[in-house]
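start-v2.cif follows (mmCIF, C-alpha atoms):
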data_upload
loop_
_atom_site.label_atom_id
_atom_site.label_comp_id
_atom_site.auth_asym_id
_atom_site.auth_seq_id
_atom_site.Cartn_x
_atom_site.Cartn_y
_atom_site.Cartn_z
CA MET A 1 11.46 -18.20 44.25
CA PRO A 2 10.15 -15.17 46.15
CA GLY A 3 6.45 -15.06 46.93
CA ARG A 4 4.04 -12.62 45.45
CA GLN A 5 4.08 -9.17 46.98
CA ALA A 6 1.04 -8.48 49.13
CA PRO A 7 -1.33 -5.92 47.65
CA SER A 8 -0.94 -2.42 49.01
CA ALA A 9 -3.76 -0.54 50.70
CA LEU A 10 -4.10 1.51 47.51
CA ASP A 11 -4.37 -1.67 45.45
CA ARG A 12 -7.13 -2.91 47.75
CA LEU A 13 -9.00 0.38 47.41
CA VAL A 14 -8.81 0.18 43.61
CA ASP A 15 -10.00 -3.44 43.70
CA GLU A 16 -12.94 -2.62 45.96
CA ILE A 17 -14.22 0.24 43.82
CA ALA A 18 -13.61 -1.64 40.53
CA PRO A 19 -17.18 -3.05 40.25
CA ALA A 20 -18.70 0.45 40.47
CA ARG A 21 -16.15 1.86 38.05
CA ASP A 22 -16.77 -1.00 35.63
CA ARG A 23 -20.51 -0.31 35.76
CA LEU A 24 -19.82 3.34 34.99
CA ILE A 25 -17.56 2.50 32.05
CA ALA A 26 -20.14 0.04 30.67
CA HIS A 27 -23.10 2.38 31.19
CA PRO A 28 -25.65 2.33 28.34
CA LEU A 29 -25.61 6.14 28.17
CA TYR A 30 -22.57 6.12 25.88
CA GLY A 31 -24.38 4.16 23.21
CA ARG A 32 -27.47 6.34 23.42
CA ILE A 33 -25.75 9.58 22.47
CA THR A 34 -25.79 9.34 18.70
CA SER A 35 -26.90 12.81 17.58
CA PRO A 36 -25.94 16.45 18.16
CA ALA A 37 -29.23 17.06 20.02
CA GLN A 38 -28.50 14.23 22.45
CA LEU A 39 -24.96 15.44 23.05
CA ARG A 40 -26.29 18.92 23.79
CA ARG A 41 -28.65 17.43 26.36
CA PHE A 42 -25.76 15.54 27.89
CA MET A 43 -23.79 18.78 28.20
CA GLU A 44 -26.73 20.58 29.84
CA MET A 45 -26.76 18.01 32.65
CA HIS A 46 -23.07 17.17 32.83
CA VAL A 47 -22.07 20.83 33.23
CA TRP A 48 -23.18 20.62 36.88
CA ALA A 49 -20.45 18.04 37.51
CA VAL A 50 -17.94 20.29 35.75
CA TRP A 51 -19.00 23.16 38.01
CA ASP A 52 -19.00 21.40 41.38
CA PHE A 53 -15.65 19.83 40.51
CA GLN A 54 -14.16 23.30 41.00
CA SER A 55 -15.53 23.46 44.55
CA LEU A 56 -14.11 20.01 45.29
CA LEU A 57 -10.75 21.20 44.00
CA LYS A 58 -10.84 24.35 46.11
CA ALA A 59 -11.75 22.29 49.18
CA MET A 60 -8.69 20.15 48.48
CA GLN A 61 -6.58 23.28 48.11
CA GLN A 62 -7.82 24.56 51.47
CA LYS A 63 -6.90 21.28 53.16
CA LEU A 64 -3.48 20.71 51.58
CA THR A 65 -2.13 24.25 51.17
CA CYS A 66 -2.31 27.43 53.20
CA THR A 67 -5.03 29.80 51.98
CA THR A 68 -5.13 32.02 55.09
CA VAL A 69 -3.16 35.01 56.31
CA PRO A 70 -0.66 34.99 58.02
CA TRP A 71 0.72 32.25 55.77
CA ILE A 72 1.99 29.09 57.44
CA PRO A 73 3.62 26.31 55.39
CA SER A 74 1.44 23.23 55.03
CA PRO A 75 3.01 19.93 56.10
CA ASP A 76 3.23 18.18 52.69
CA PRO A 77 5.20 20.22 50.12
CA GLU A 78 4.63 17.70 47.33
CA ALA A 79 0.86 17.73 47.87
CA ARG A 80 1.00 21.52 48.04
CA ARG A 81 2.71 21.77 44.67
CA LEU A 82 0.41 19.25 43.02
CA VAL A 83 -2.76 20.97 44.23
CA ASN A 84 -1.54 24.38 43.13
CA GLU A 85 -0.63 22.96 39.71
CA ILE A 86 -4.12 21.47 39.36
CA VAL A 87 -5.72 24.75 40.44
CA LEU A 88 -3.67 26.57 37.80
CA ASP A 89 -4.78 24.10 35.12
CA GLU A 90 -8.43 23.97 36.15
CA GLU A 91 -9.05 27.56 37.18
CA SER A 92 -6.97 29.46 34.60
CA ASP A 93 -5.89 27.16 31.78
CA LEU A 94 -4.13 28.63 28.75
CA LEU A 95 -6.32 28.52 25.64
CA PRO A 96 -5.11 28.25 22.03
CA ASP A 97 -5.63 31.98 21.40
CA GLY A 98 -3.41 32.92 24.34
CA SER A 99 -6.26 33.84 26.72
CA SER A 100 -7.02 32.06 29.98
CA ALA A 101 -10.18 30.49 31.37
CA SER A 102 -11.30 27.94 33.91
CA HIS A 103 -12.39 24.58 32.55
CA PHE A 104 -15.91 25.44 33.69
CA GLU A 105 -15.85 28.59 31.58
CA LEU A 106 -14.37 26.59 28.71
CA TYR A 107 -17.24 24.12 29.05
CA LEU A 108 -19.82 26.93 29.01
CA ASP A 109 -18.21 28.31 25.86
CA SER A 110 -18.37 24.83 24.34
CA MET A 111 -22.07 24.62 25.21
CA GLU A 112 -22.85 28.00 23.72
CA ARG A 113 -21.04 27.15 20.47
CA ALA A 114 -22.93 23.87 20.30
CA GLY A 115 -26.31 25.50 21.00
CA ALA A 116 -26.81 23.89 24.42
CA ASP A 117 -28.83 25.69 27.10
CA THR A 118 -26.69 27.28 29.85
CA GLN A 119 -29.46 29.18 31.65
CA ALA A 120 -29.88 26.92 34.70
CA ILE A 121 -26.20 26.64 35.62
CA CYS A 122 -25.55 30.34 34.91
CA ARG A 123 -28.55 31.30 37.07
CA THR A 124 -27.07 29.27 39.92
CA VAL A 125 -23.69 30.99 39.66
CA ASP A 126 -25.34 34.41 39.50
CA LEU A 127 -27.45 33.68 42.59
CA LEU A 128 -24.37 32.58 44.53
CA ARG A 129 -22.47 35.66 43.37
CA ASN A 130 -25.29 37.82 44.69
CA GLY A 131 -25.29 36.23 48.14
CA SER A 132 -27.70 33.29 47.95
CA SER A 133 -26.81 30.15 49.87
CA LEU A 134 -26.05 27.00 47.94
CA ASP A 135 -29.41 25.48 48.90
CA GLN A 136 -31.26 28.61 47.80
CA ALA A 137 -29.38 28.78 44.50
CA LEU A 138 -29.94 25.12 43.69
CA ALA A 139 -33.64 25.33 44.57
CA ALA A 140 -34.11 28.32 42.26
CA SER A 141 -31.85 27.09 39.46
CA GLY A 142 -34.33 25.20 37.31
CA GLY A 143 -31.73 22.49 36.84
CA HIS A 144 -32.64 18.85 36.27
CA PRO A 145 -33.30 17.07 39.61
CA GLY A 146 -30.74 14.38 38.77
CA ALA A 147 -28.03 16.98 38.27
CA ILE A 148 -28.99 18.88 41.42
CA ASP A 149 -28.89 15.66 43.45
CA PHE A 150 -25.38 14.98 42.13
CA VAL A 151 -24.22 18.42 43.27
CA ARG A 152 -25.71 17.90 46.73
CA LYS A 153 -23.86 14.61 47.10
CA SER A 154 -20.60 16.26 46.07
CA PHE A 155 -21.06 18.95 48.70
CA THR A 156 -21.69 16.30 51.34
CA VAL A 157 -18.08 15.23 50.82
CA ILE A 158 -16.86 18.83 50.70
CA ASN A 159 -18.71 19.76 53.88
CA SER A 160 -17.32 16.73 55.71
CA GLY A 161 -14.05 18.63 56.02
CA SER A 162 -12.17 15.32 55.88
CA PRO A 163 -8.95 15.81 53.86
CA HIS A 164 -8.44 12.17 52.89
CA GLN A 165 -12.08 11.78 51.87
CA ILE A 166 -11.98 14.96 49.77
CA VAL A 167 -8.81 13.79 48.02
CA ALA A 168 -10.28 10.31 47.48
CA ALA A 169 -13.38 11.85 45.91
CA PHE A 170 -11.24 14.04 43.68
CA THR A 171 -8.91 11.20 42.69
CA PHE A 172 -11.25 8.28 42.07
CA GLY A 173 -14.72 9.73 41.72
CA ARG A 174 -14.48 12.43 39.14
CA GLU A 175 -13.62 13.12 35.53
CA ASP A 176 -11.17 10.37 34.65
CA VAL A 177 -13.62 8.13 32.73
CA ILE A 178 -15.42 10.80 30.72
CA PRO A 179 -12.90 11.91 28.08
CA ASP A 180 -12.12 8.53 26.58
CA MET A 181 -15.80 7.59 26.51
CA PHE A 182 -16.91 10.63 24.55
CA ARG A 183 -13.81 11.54 22.58
CA HIS A 184 -14.66 9.31 19.61
CA LEU A 185 -18.09 10.88 19.27
CA VAL A 186 -16.85 14.44 19.63
CA VAL A 187 -13.99 13.86 17.20
CA ARG A 188 -16.47 12.69 14.56
CA LEU A 189 -18.71 15.70 15.14
CA ALA A 190 -15.76 18.10 15.26
CA GLU A 191 -14.47 16.85 11.94
CA SER A 192 -17.85 17.37 10.27
CA ASP A 193 -18.69 20.64 12.10
CA PRO A 194 -15.57 22.14 13.72
CA LEU A 195 -17.16 25.51 14.52
CA THR A 196 -19.84 23.82 16.61
CA TRP A 197 -17.90 21.03 18.31
CA GLY A 198 -14.23 22.01 18.10
CA ARG A 199 -14.18 23.74 21.48
CA PHE A 200 -15.78 20.75 23.24
CA ARG A 201 -13.18 18.50 21.64
CA PHE A 202 -10.47 20.82 22.99
CA TYR A 203 -12.01 20.61 26.47
CA LEU A 204 -11.96 16.80 26.45
CA GLU A 205 -8.42 16.63 25.11
CA ARG A 206 -7.22 18.99 27.85
CA HIS A 207 -8.73 16.68 30.46
CA ILE A 208 -7.04 13.66 28.93
CA GLU A 209 -3.73 15.48 28.90
CA HIS A 210 -3.96 16.78 32.45
CA ASP A 211 -5.88 14.09 34.34
CA ASP A 212 -4.69 10.82 32.84
CA GLU A 213 -1.05 11.73 32.33
CA LYS A 214 -0.29 13.89 35.36
CA HIS A 215 -2.95 14.60 37.96
CA ALA A 216 -4.43 11.16 38.69
CA PRO A 217 -1.16 9.28 39.36
CA LEU A 218 0.10 12.01 41.69
CA CYS A 219 -3.24 12.24 43.50
CA ARG A 220 -3.05 8.51 44.21
CA GLN A 221 0.29 9.13 45.90
CA ILE A 222 -1.29 11.83 48.05
CA VAL A 223 -4.11 9.50 49.09
CA THR A 224 -1.50 6.93 50.08
CA ARG A 225 0.46 9.42 52.17
CA MET A 226 -2.65 10.85 53.83
CA CYS A 227 -4.10 7.48 54.80
CA GLY A 228 -0.74 5.93 55.70
CA ASN A 229 -1.20 2.86 57.89
CA ASP A 230 -4.55 3.99 59.28
CA ALA A 231 -7.09 1.30 58.38
CA ALA A 232 -10.03 3.56 59.32
CA LYS A 233 -8.87 6.27 56.91
CA TRP A 234 -8.45 3.74 54.11
CA ARG A 235 -11.97 2.47 54.74
CA GLU A 236 -13.37 6.01 54.65
CA ALA A 237 -11.42 6.80 51.48
CA THR A 238 -12.71 3.61 49.84
CA ASP A 239 -16.31 4.28 50.82
CA THR A 240 -16.07 7.86 49.60
CA ALA A 241 -14.61 6.83 46.25
CA ARG A 242 -17.30 4.18 45.76
CA ASN A 243 -20.08 6.58 46.76
CA CYS A 244 -18.81 9.15 44.27
CA LEU A 245 -18.83 6.56 41.49
CA GLU A 246 -22.35 5.51 42.47
CA ALA A 247 -23.41 9.18 42.37
CA ARG A 248 -21.98 9.47 38.86
CA ILE A 249 -23.86 6.32 37.81
CA ALA A 250 -27.07 7.86 39.15
CA LEU A 251 -26.36 11.03 37.15
CA TRP A 252 -25.70 8.91 34.05
CA ASP A 253 -29.01 7.12 34.67
CA ALA A 254 -30.79 10.48 34.79
CA ILE A 255 -29.09 11.71 31.61
CA ALA A 256 -29.84 8.44 29.81
CA ALA A 257 -33.52 8.81 30.68
CA SER A 258 -33.46 12.41 29.50
CA VAL A 259 -31.80 11.85 26.12
#
Hey, can you dump this file as structure tokens for me?
Amino acid sequence: MPGRQAPSALDRLVDEIAPARDRLIAHPLYGRITSPAQLRRFMEMHVWAVWDFQSLLKAMQQKLTCTTVPWIPSPDPEARRLVNEIVLDEESDLLPDGSSASHFELYLDSMERAGADTQAICRTVDLLRNGSSLDQALAASGGHPGAIDFVRKSFTVINSGSPHQIVAAFTFGREDVIPDMFRHLVVRLAESDPLTWGRFRFYLERHIEHDDEKHAPLCRQIVTRMCGNDAAKWREATDTARNCLEARIALWDAIAASV
């Protein structure tokens, strides 16, 4: 009888980050959001993670595709296609009415329909658009300190310039646990008040469709190809994934205290 197959480097990464992921899945925040007011507060703080996700994605696009002129083909065509597909979905998704929007813009629309406050995040985007640095924009945003700290940690990964760490953060540290945790609550609210919560429900369902079914499995393949047989890269990818999960737990702690 053949022996058991040795775990792959990817399997070991998943095993090592499992305790942090389990803590995130079991976080008490989910049970504390029981009213529309509390869900609005969640959105006001979580929107920062929706926003900086776009920068993480664009950093991944810069590393795995060619975004300069003259154009030169990047070395991994499969990674190139995947990243461009994700950018299409996240930056200009097709909405039910035939229009297009980024998932960040979709989230802002969901907040506005639900009566959540968008001033702090919109102020940040406006400041950046008008030439402020990220540090200046965050300092002047008026955002909750827990949310601002989360953004700073995300940009630490982005500014590292390390392709395998950026992809590990994108793959293991981001949105994959949120939709299933909040879908049951949003579905209940959407059924009782579809004008208020229907757009947020659509946002979550789009993430389930894109992330769980398509993006995450392919991103794991990219992590595997990028790290290859390099033990140091696997260690860095594992540490980055764990740190991103810990940052999300800290954000959840801050939101739980706020709601």
### Message
Using Å and a single decimal, report how far CA of Arg21 in chain A sits from CA of His184 in chain A.
### Response
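We find that CA of His184 in chain A and CA of Arg21 in chain A lie 19.9 Å from each other.
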### Query
Of the residues A:Ala137, A:Cys122, A:Ala250, A:Val83, which is the one nearest to Thr171 in chain A, using only C-alpha atoms?
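The answer is A:Val83, which sits nearest to Thr171 in chain A.
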### Query
Quick one: which residues end up in the PyMOL selection byres ((chain A and resi 169) around 8) for this structure, as a ChimeraX atom specification?
/A:157,165-168,170-174,237,240-241,244
Export, as a compact mmCIF listing (two decimals), in the coordinates of the input, the selected residues with C-alpha atoms.
# COMPACT_ATOMS: atom_id res chain seq x y z
CA VAL A 157 -18.08 15.23 50.82
CA GLN A 165 -12.08 11.78 51.87
CA ILE A 166 -11.98 14.96 49.77
CA VAL A 167 -8.81 13.79 48.02
CA ALA A 168 -10.28 10.31 47.48
CA PHE A 170 -11.24 14.04 43.68
CA THR A 171 -8.91 11.20 42.69
CA PHE A 172 -11.25 8.28 42.07
CA GLY A 173 -14.72 9.73 41.72
CA ARG A 174 -14.48 12.43 39.14
CA ALA A 237 -11.42 6.80 51.48
CA THR A 240 -16.07 7.86 49.60
CA ALA A 241 -14.61 6.83 46.25
CA CYS A 244 -18.81 9.15 44.27
### Message
Which residues are near range 64-71 of chain A? Cut-off 7 Å, only C-alpha atoms, ignore same chain within fewer than 4 positions. Put them as number ranges by chain.
### Response
A: 60, 79-80
### Message
Applying the PyMOL selection byres ((chain A and resi 143-151) around 8) to the file I just gave you, which residues come out? Please list them as a PyMOL selection string.
### Response
chain A and resi 45-46+48-49+52+120-121+138+141-142+152-155+247-248+250-251+254-255
Include C-alpha atoms and write out the residues we just selected as an mmCIF file, in the frame of the given file.
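Contents of the output file again27.cif:
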data_model
loop_
_atom_site.group_PDB
_atom_site.id
_atom_site.type_symbol
_atom_site.label_atom_id
_atom_site.label_comp_id
_atom_site.auth_asym_id
_atom_site.auth_seq_id
_atom_site.Cartn_x
_atom_site.Cartn_y
_atom_site.Cartn_z
ATOM 1 C CA MET A 45 -26.760 18.010 32.650
ATOM 2 C CA HIS A 46 -23.070 17.170 32.830
ATOM 3 C CA TRP A 48 -23.180 20.620 36.880
ATOM 4 C CA ALA A 49 -20.450 18.040 37.510
ATOM 5 C CA ASP A 52 -19.000 21.400 41.380
ATOM 6 C CA ALA A 120 -29.880 26.920 34.700
ATOM 7 C CA ILE A 121 -26.200 26.640 35.620
ATOM 8 C CA LEU A 138 -29.940 25.120 43.690
ATOM 9 C CA SER A 141 -31.850 27.090 39.460
ATOM 10 C CA GLY A 142 -34.330 25.200 37.310
ATOM 11 C CA ARG A 152 -25.710 17.900 46.730
ATOM 12 C CA LYS A 153 -23.860 14.610 47.100
ATOM 13 C CA SER A 154 -20.600 16.260 46.070
ATOM 14 C CA PHE A 155 -21.060 18.950 48.700
ATOM 15 C CA ALA A 247 -23.410 9.180 42.370
ATOM 16 C CA ARG A 248 -21.980 9.470 38.860
ATOM 17 C CA ALA A 250 -27.070 7.860 39.150
ATOM 18 C CA LEU A 251 -26.360 11.030 37.150
ATOM 19 C CA ALA A 254 -30.790 10.480 34.790
ATOM 20 C CA ILE A 255 -29.090 11.710 31.610
#
Each side padded by 4 Å, which centre and which edge lengths in Å (one decimal) define the axis-aligned box around the listed atoms of range 112-122 of chain A? Give them as AutoDock Vina command-line options.
--center_x -25.5 --center_y 27.1 --center_z 28.0 --size_x 16.8 --size_y 14.5 --size_z 23.3
### Query
the PyMOL selection byres ((chain A and resi 103-107) around 12) on the file shown: which residues, as a ChimeraX atom specification?
/A:40,43-55,86-96,99-102,108-114,116-118,121-122,125,175,197-207,210
### Query
By how many Å are CA of Val187 in chain A and CA of Ser35 in chain A apart?
13.0 Å
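Neighbouring residues of Phe182 in chain A at 10 Å or closer, counting only C-alpha atoms and skipping chain neighbours under 4 positions away, are Tyr30, Gly31, Ile33, Leu39, Val177, Ile178, Val186, Val187, Arg201 and Leu204 of chain A.
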### Atomic separation - CA of Arg183 in chain A relative to CA of Ile158 in chain A, Å
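Distance between the two atoms: 29.2 Å.
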### Message
I need the residue nearest Ala216 in chain A from this list: A:Pro163, A:Trp252, A:Arg188, A:Leu82. Use all atoms listed in the file for the distance.
### Response
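Nearest candidate to Ala216 in chain A out of A:Pro163, A:Trp252, A:Arg188, A:Leu82: A:Leu82.
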### Message
Counting all atoms listed in the file, which residue out of A:Ile249, A:Asn229, A:Asp22, A:Arg235 sits closest to Ser8 in chain A?
### Response
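So, comparing all the options, the nearest one is A:Asn229.
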### Option closest in space to Ser160 in chain A, from A:Pro194, A:Leu189, A:Asp97, A:Leu56 [counting all atoms listed in the file]
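Looking at the shortest contact to Ser160 in chain A, the residue is A:Leu56.
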### Query
Quick one: of A:Ala232, A:Val223, A:Pro28, A:Leu245, who's nearest to Glu16 in chain A, counting all atoms listed in the file?
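Comparing A:Ala232, A:Val223, A:Pro28, A:Leu245 against Glu16 in chain A, the winner is A:Leu245.
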### Query
Between A:Pro19, A:Gly115, A:Gly98, A:Pro7, which has the minimum distance to Thr196 in chain A (counting all atoms listed in the file)?
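Of A:Pro19, A:Gly115, A:Gly98, A:Pro7, the one nearest Thr196 in chain A is A:Gly115, counting all atoms listed in the file.
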